[in-house]
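Trainee: PDB, C-alpha atoms, file my_file35.pdb:
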MODEL        1
ATOM      1  CA  MET A   1     -16.397   3.551 -49.617
ATOM      2  CA  ASP A   2     -19.536   1.598 -50.259
ATOM      3  CA  LEU A   3     -21.351  -0.660 -47.786
ATOM      4  CA  LYS A   4     -20.907  -3.515 -50.237
ATOM      5  CA  ASP A   5     -17.130  -3.026 -50.003
ATOM      6  CA  ALA A   6     -17.326  -3.476 -46.226
ATOM      7  CA  GLY A   7     -19.356  -6.662 -46.563
ATOM      8  CA  SER A   8     -22.496  -5.117 -45.051
ATOM      9  CA  LYS A   9     -25.979  -4.573 -46.367
ATOM     10  CA  ALA A  10     -28.267  -1.973 -44.890
ATOM     11  CA  THR A  11     -32.023  -2.386 -45.150
ATOM     12  CA  PHE A  12     -33.356   0.649 -43.271
ATOM     13  CA  LEU A  13     -32.297   4.207 -42.599
ATOM     14  CA  ILE A  14     -33.881   5.789 -39.544
ATOM     15  CA  HIS A  15     -33.759   9.568 -39.275
ATOM     16  CA  ASP A  16     -35.673  12.327 -37.610
ATOM     17  CA  ARG A  17     -37.840  14.869 -39.377
ATOM     18  CA  ASN A  18     -35.147  17.495 -39.757
ATOM     19  CA  SER A  19     -35.459  19.693 -42.829
ATOM     20  CA  LYS A  20     -31.977  18.680 -44.003
ATOM     21  CA  PHE A  21     -33.420  15.291 -44.976
ATOM     22  CA  THR A  22     -35.280  16.317 -48.114
ATOM     23  CA  ALA A  23     -37.605  14.259 -50.276
ATOM     24  CA  ALA A  24     -34.815  14.018 -52.871
ATOM     25  CA  PHE A  25     -32.573  12.452 -50.219
ATOM     26  CA  ASP A  26     -35.258   9.896 -49.368
ATOM     27  CA  ASP A  27     -35.804   9.137 -53.080
ATOM     28  CA  LEU A  28     -32.082   8.581 -53.584
ATOM     29  CA  LEU A  29     -32.017   6.076 -50.715
ATOM     30  CA  ALA A  30     -35.149   4.350 -52.010
ATOM     31  CA  ASP A  31     -33.440   3.925 -55.406
ATOM     32  CA  ALA A  32     -30.517   2.288 -53.589
ATOM     33  CA  GLY A  33     -32.917  -0.232 -52.035
ATOM     34  CA  LEU A  34     -33.150   1.296 -48.549
ATOM     35  CA  LYS A  35     -36.416   1.830 -46.754
ATOM     36  CA  VAL A  36     -36.504   5.241 -45.053
ATOM     37  CA  VAL A  37     -38.137   5.290 -41.623
ATOM     38  CA  THR A  38     -38.724   8.618 -39.910
ATOM     39  CA  THR A  39     -39.045   8.970 -36.153
ATOM     40  CA  GLY A  40     -42.289  10.069 -34.588
ATOM     41  CA  ILE A  41     -43.315  13.688 -34.238
ATOM     42  CA  ARG A  42     -42.223  15.221 -30.911
ATOM     43  CA  ILE A  43     -40.937  11.943 -29.510
ATOM     44  CA  PRO A  44     -37.379  12.768 -28.405
ATOM     45  CA  ARG A  45     -36.768   9.408 -26.736
ATOM     46  CA  MET A  46     -37.383   7.410 -29.886
ATOM     47  CA  ASN A  47     -33.760   7.639 -30.989
ATOM     48  CA  SER A  48     -32.260   7.891 -27.509
ATOM     49  CA  LEU A  49     -30.289   4.618 -27.528
ATOM     50  CA  THR A  50     -28.552   5.454 -30.772
ATOM     51  CA  GLU A  51     -27.877   9.016 -29.705
ATOM     52  CA  ARG A  52     -26.448   7.797 -26.385
ATOM     53  CA  TRP A  53     -24.085   5.381 -28.162
ATOM     54  CA  ILE A  54     -22.926   8.110 -30.559
ATOM     55  CA  GLN A  55     -22.367  10.508 -27.635
ATOM     56  CA  THR A  56     -20.341   7.877 -25.747
ATOM     57  CA  CYS A  57     -18.309   7.034 -28.843
ATOM     58  CA  ARG A  58     -17.520  10.695 -29.462
ATOM     59  CA  ARG A  59     -16.632  11.433 -25.831
ATOM     60  CA  GLU A  60     -14.582   8.302 -25.091
ATOM     61  CA  LEU A  61     -12.918   7.723 -28.452
ATOM     62  CA  LEU A  62     -13.170  10.403 -31.102
ATOM     63  CA  ASP A  63     -12.563  13.402 -28.822
ATOM     64  CA  ARG A  64      -9.335  11.754 -27.595
ATOM     65  CA  THR A  65      -8.053  10.367 -30.882
ATOM     66  CA  PRO A  66      -6.766  12.352 -33.844
ATOM     67  CA  ILE A  67      -8.062  10.772 -37.030
ATOM     68  CA  TRP A  68      -5.222  10.553 -39.548
ATOM     69  CA  ASN A  69      -6.813   9.162 -42.686
ATOM     70  CA  ARG A  70      -9.872   7.372 -43.985
ATOM     71  CA  SER A  71      -8.809   3.902 -42.863
ATOM     72  CA  HIS A  72      -8.086   4.984 -39.277
ATOM     73  CA  PRO A  73     -11.743   5.203 -38.106
ATOM     74  CA  LEU A  74     -12.450   1.928 -39.936
ATOM     75  CA  HIS A  75      -9.919   0.351 -37.576
ATOM     76  CA  ALA A  76     -10.723   2.369 -34.432
ATOM     77  CA  LEU A  77     -14.536   2.102 -34.422
ATOM     78  CA  PRO A  78     -14.710  -1.737 -34.427
ATOM     79  CA  GLU A  79     -12.145  -1.778 -31.598
ATOM     80  CA  PHE A  80     -14.287   0.671 -29.628
ATOM     81  CA  GLU A  81     -17.427  -1.355 -30.338
ATOM     82  CA  THR A  82     -15.734  -4.480 -28.969
ATOM     83  CA  GLN A  83     -14.575  -2.545 -25.894
ATOM     84  CA  TYR A  84     -18.043  -1.062 -25.364
ATOM     85  CA  ASN A  85     -19.979  -4.339 -25.706
ATOM     86  CA  GLN A  86     -17.594  -6.860 -24.154
ATOM     87  CA  HIS A  87     -15.452  -5.068 -21.562
ATOM     88  CA  ARG A  88     -16.792  -1.648 -20.537
ATOM     89  CA  PRO A  89     -19.011  -1.735 -17.435
ATOM     90  CA  HIS A  90     -22.500  -0.240 -17.798
ATOM     91  CA  ARG A  91     -24.296   1.220 -14.813
ATOM     92  CA  THR A  92     -27.747   0.078 -15.952
ATOM     93  CA  LEU A  93     -26.476  -3.513 -16.215
ATOM     94  CA  GLN A  94     -25.077  -3.527 -12.654
ATOM     95  CA  GLN A  95     -21.508  -2.937 -13.915
ATOM     96  CA  ALA A  96     -21.624  -5.760 -16.471
ATOM     97  CA  ALA A  97     -20.965  -5.434 -20.176
ATOM     98  CA  PRO A  98     -23.831  -6.147 -22.599
ATOM     99  CA  LEU A  99     -22.172  -9.260 -24.057
ATOM    100  CA  ARG A 100     -20.597 -10.506 -20.819
ATOM    101  CA  PRO A 101     -22.444 -11.901 -17.772
ATOM    102  CA  LEU A 102     -21.913 -10.541 -14.277
ATOM    103  CA  PRO A 103     -18.928 -12.136 -12.515
ATOM    104  CA  GLU A 104     -19.511 -14.188  -9.409
ATOM    105  CA  PRO A 105     -19.026 -12.063  -6.273
ATOM    106  CA  ILE A 106     -15.948 -12.765  -4.166
ATOM    107  CA  SER A 107     -17.189 -13.501  -0.676
ATOM    108  CA  ALA A 108     -14.062 -14.931   0.970
ATOM    109  CA  PRO A 109     -11.953 -12.121   2.490
ATOM    110  CA  GLU A 110      -8.677 -14.019   2.093
ATOM    111  CA  THR A 111      -9.073 -14.218  -1.694
ATOM    112  CA  SER A 112      -9.949 -10.556  -2.086
ATOM    113  CA  ARG A 113      -6.661  -9.430  -0.504
ATOM    114  CA  HIS A 114      -4.557 -11.094  -3.183
ATOM    115  CA  LEU A 115      -6.343 -10.049  -6.349
ATOM    116  CA  GLU A 116      -4.088  -9.119  -9.213
ATOM    117  CA  ALA A 117      -5.259  -7.200 -12.244
ATOM    118  CA  ARG A 118      -3.761  -6.997 -15.697
ATOM    119  CA  ARG A 119      -4.151  -3.980 -17.932
ATOM    120  CA  ARG A 120      -4.275  -4.305 -21.688
ATOM    121  CA  ASP A 121      -4.031  -1.162 -23.788
ATOM    122  CA  ARG A 122      -6.011  -0.940 -27.001
ATOM    123  CA  LEU A 123      -5.709   1.691 -29.717
ATOM    124  CA  GLY A 124      -2.393   2.923 -28.384
ATOM    125  CA  GLY A 125      -3.629   3.414 -24.810
ATOM    126  CA  THR A 126      -6.836   5.289 -25.652
ATOM    127  CA  LEU A 127      -8.868   2.326 -24.421
ATOM    128  CA  ARG A 128      -7.776   0.226 -21.447
ATOM    129  CA  GLN A 129      -9.032  -3.170 -20.373
ATOM    130  CA  TYR A 130      -8.581  -4.553 -16.885
ATOM    131  CA  GLU A 131      -9.015  -8.195 -15.980
ATOM    132  CA  HIS A 132      -8.110 -10.506 -13.120
ATOM    133  CA  ALA A 133      -4.802 -12.287 -13.560
ATOM    134  CA  ALA A 134      -5.193 -16.047 -13.353
TER
ENDMDL
END
Re-express the file's structure as structure tokens.
Mentor:
Amino acid sequence: MDLKDAGSKATFLIHDRNSKFTAAFDDLLADAGLKVVTTGIRIPRMNSLTERWIQTCRRELLDRTPIWNRSHPLHALPEFETQYNQHRPHRTLQQAAPLRPLPEPISAPETSRHLEARRRDRLGGTLRQYEHAA
């Protein structure tokens, strides 16, 4: 599969200074029109956000899901990305999702006793979304 087939165009490739990324690899990417950017020397936090997302994706999705064929991850990864950015609570964002604002706190005790939640399964139950029933 090519990025053009998916309707995407990459401009940069960021990688560390591992010896597996040879000069021939960088030349091949430069011929394809990508600019290769290497991370700084002895700066482990430079790629930390990407590495954290990959670790979360592996732990919460790929370790729990058998991948059947090539099209399966092309379906599962966008579903996980939507779950991660729009529904999954993040501790650093005070339990909000990155693309969703914090809900208004419920201060009246009588309304908090009668809260109902709905669960919606995604990817065959691997991912679960909970929301207040209206």
Trainee: List as a PyMOL selection string the residues having at least one atom at most 7 Å from position (-34.1, 7.8, -38.9) as given in the file, counting only C-alpha atoms.
Mentor: chain A and resi 13-16+37-39
Trainee: Work out how far apart CA of Leu127 in chain A and CA of Ala97 in chain A are and give it in Å to one decimal.
Mentor: 15.0 Å
Trainee: Kindly give the distance, in Å, that separates CA of Thr65 in chain A and CA of Pro78 in chain A, rounded to a single decimal.
Mentor: 14.3 Å
Trainee: Any idea what the distance is between CA of Leu29 in chain A and CA of Phe12 in chain A?
Mentor: 9.3 Å
Trainee: Choose the residue, out of A:Ala76, A:Ala24, A:Pro109, A:Ala30, that has the smallest atom-to-atom separation from Leu62 in chain A; count all atoms listed in the file.
Mentor: A:Ala76
Trainee: Looking at A:Thr50, A:Ser19, A:Ser107, A:Thr56, which one is nearest to Phe80 in chain A, with distances taken over all atoms listed in the file?
Mentor: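 The answer is A:Thr56, which sits nearest to Phe80 in chain A.
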Trainee: At a cut-off of 12 Å, using all atoms listed in the file, what residues contact His132 in chain A? Leave out same-chain residues fewer than 3 positions from it and give the result as a short mmCIF file (atom, residue, chain, number, x, y, z; two decimals) with C-alpha atoms, in the frame of the given file.
Mentor:
data_model
loop_
_atom_site.label_atom_id
_atom_site.label_comp_id
_atom_site.auth_asym_id
_atom_site.auth_seq_id
_atom_site.Cartn_x
_atom_site.Cartn_y
_atom_site.Cartn_z
CA PRO A 103 -18.93 -12.14 -12.52
CA SER A 112 -9.95 -10.56 -2.09
CA HIS A 114 -4.56 -11.09 -3.18
CA LEU A 115 -6.34 -10.05 -6.35
CA GLU A 116 -4.09 -9.12 -9.21
CA ALA A 117 -5.26 -7.20 -12.24
CA ARG A 118 -3.76 -7.00 -15.70
CA ARG A 119 -4.15 -3.98 -17.93
CA ARG A 120 -4.28 -4.30 -21.69
CA GLN A 129 -9.03 -3.17 -20.37
#
Trainee: Evaluate the PyMOL selection byres ((chain A and resi 57) around 12) against this structure - the residues, as number ranges by chain, please.
Mentor: A: 50-56, 58-65, 73, 76-85, 127
Trainee: Given 3 Å of margin on each side, can you work out the centre and size in Å (one decimal) of an axis-aligned box holding every listed atom of range 96-101 of chain A, as AutoDock Vina command-line options?
Mentor:
--center_x -22.2 --center_y -8.7 --center_z -20.3 --size_x 9.2 --size_y 12.5 --size_z 13.6
Trainee: With all atoms listed in the file as the atoms that count, which of A:Asn18, A:Gln95, A:Pro66, A:His87 lies nearest to Ile41 in chain A?
Mentor: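 Checking each of A:Asn18, A:Gln95, A:Pro66, A:His87 against Ile41 in chain A, counting all atoms listed in the file, the winner is A:Asn18.
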